[in-house]
There are 2 protein chains.
Amino acid sequence: MTVLILTCEEDITADMVVLHLNESGVPVLRLDPADLTDSVALSGEFAHGVFRGHLSAGGRLVSIGGLRSVWVRRPGAAAARAAAPSAWLTEEAGQALYGMLRGCGARWMNHPDAARRARHKPWQLRLAQECALPVPATLITTFPRAAREFAERHPDLVVKPVSGAHPQDPPRAVPTSRVPPETDFAAVAFGPTLLQRRVPKRADVRLTVVGDRLLAARKATAAGADPDEVDVRFAASCEPWRPAEVAPRVAEAVLEYMRQARLAYGAFDFAEDGDGTWWFLECNQSGQFGFVEVDTGQPIARTIAEWLARPGPEEPAPVPGGEMTAG
Amino acid sequence: MTVLILTCEEDITADMVVLHLNESGVPVLRLDPADLTDSVALSGEFAHGVFRGHLSAGGRLVSIGGLRSVWVRRPGAAAARAAAPSAWLTEEAGQALYGMLRGCGARWMNHPDAARRARHKPWQLRLAQECALPVPATLITTFPRAAREFAERHPDLVVKPVSGAHPQDPPRAVPTSRVPPETDFAAVAFGPTLLQRRVPKRADVRLTVVGDRLLAARKATAAGADPDEVDVRFAASCEPWRPAEVAPRVAEAVLEYMRQARLAYGAFDFAEDGDGTWWFLECNQSGQFGFVEVDTGQPIARTIAEWLARPGPEEPAPVPGGEMTAG
């Protein structure tokens, strides 16, 4: 049974995981869907009620029915590097590849449907609330009046994107910023704006979840840090990430989140306040982990490799209430 | 409780459904996400473990918690008609709108995740097989040799797109075509190609499913019809669509398909062979139905209106095996 890794060639974080898989002798097929129809090929036949599919890359041919797991890491758009690329070819190649893989019975990290759903910030906030994780008061709005009323109730606010990274190539992270007092919210009418009560924090927490394994790291806010530097990704800090304990109540809530979101991998960001409470900021289903592993020495890559290497499909998780209800 | 309809203004098929909803006095909010932040506005607040959301369009304000159903018909890209449109604004507005709606508990026709999954042709063929619907032998491949071997076993073939409509604006349907004998399949290496055994048909069948209601229509193949005209959408024919009976075995299989696909609406295309067997060709989760209603007089629009008008959320359907498994 082979582990399939869908990612780009320059993904050195994936290299770390492949190393562990190689050490344990688990067969790996790594390919970038962007290389379809150049160095990657596929074939699937549906006949007499049976499906037989194959993938080929780097001179290796693997049966789709023989995949134990699929790691969707940082795949390129299908057929993006073909000799004559086009939107039509990308659509055809993507539907062919993922359409076949969707029926294969392998375990996914993460399943494309779960991954897509999990990217919606409003959905994240609501699910975190349901799982009893503390969520700072948040407003997403195109009504300037709603923004003004919210700012009256919560004078210390940050603003951040609804959707995450800016869709340029390469994607650009848009920093979370503090909202100055007396801000005029008229421009809110031109685009949905996410306003959130600023959590006065004494640390940032990155909690990486792999299956049912929790690996938490904590970066203390330096004494005398500029309170306007709210986004840890852009703040100047010499504090390293250090391994942290996870309170049982938080662990339970986070695992419930993962179960309901049907994610096998998730990178949670929390702000730790002065009382030690972890406030949910977001869960990035494709969050980077290399920088945490380097700082803390936590075996995240090895844990991912172990998850991917486990034999056989998992039991399906129960359906979250109301999701994908058809009737 | 309001019915939310997401579609473009020029969608006259939606008009038919709105007419029925108006007649039965059910409140309707119809909007095109393309009109976000122009004539459509949204707001949602997450605080103290509670979510309160609102949508506004055409001067009406509706609570997201008060939606009974959402019909995703032909929505434009979010904020596409904004004063200063951009990929970033579309991403932000789409995530805000669908992110809030995803948590609303309303019944969906169809849920975005179910709809997206259901568009994958390889996934459709496999699910149809699992539901015991007869599927003509099909190959999707980038291997010329696999195509040649398949053509030797099945000399009478058609070729069709893997993904459906060509992604130009407006989308263009690509006709299913017969494969001439002695075809050289070398070009298969440049893009996934779907080859399927041609079903010598005596009729085309369009089976529209709305919830658990089946409305079948049949269009007889004219005597002396050109056998090269395999695609009913492009064939010259004076035969009208007429209502048809659905065999119990087919009805059971189709309802199982809908249940596993978690679709509330689906338009199935079958080819009826000389023995009267219906061969599954595809299930279009957003297939048009106006032309069938006009020819047959079948009350499809009214049936959709009735489904949308039903109060309260449905019970979630069971999880299909292996799908969205997280582990």
# chains A, B, ... in the order shown; residues from 1 in each chain; ligands from 1

call {"tool": "select_by_dssp", "arguments": {"residues": "segment 38-150 of chain B", "states": "helix (DSSP H, G or I)", "output": "number ranges by chain"}}
result
B: 64-66, 87-101, 112-118, 121-130, 144-150

call {"tool": "interface_residues", "arguments": {"of": "chain B", "to": "chain A", "cutoff": "6 Å", "atoms": "only C-alpha atoms", "output": "PyMOL selection string"}}
result
chain B and resi 37+41-47+49+92-93+95+99-100+105+111+120+122-123+129+137-142+162-163+190+192+211+262-264+314+316+322+324-327
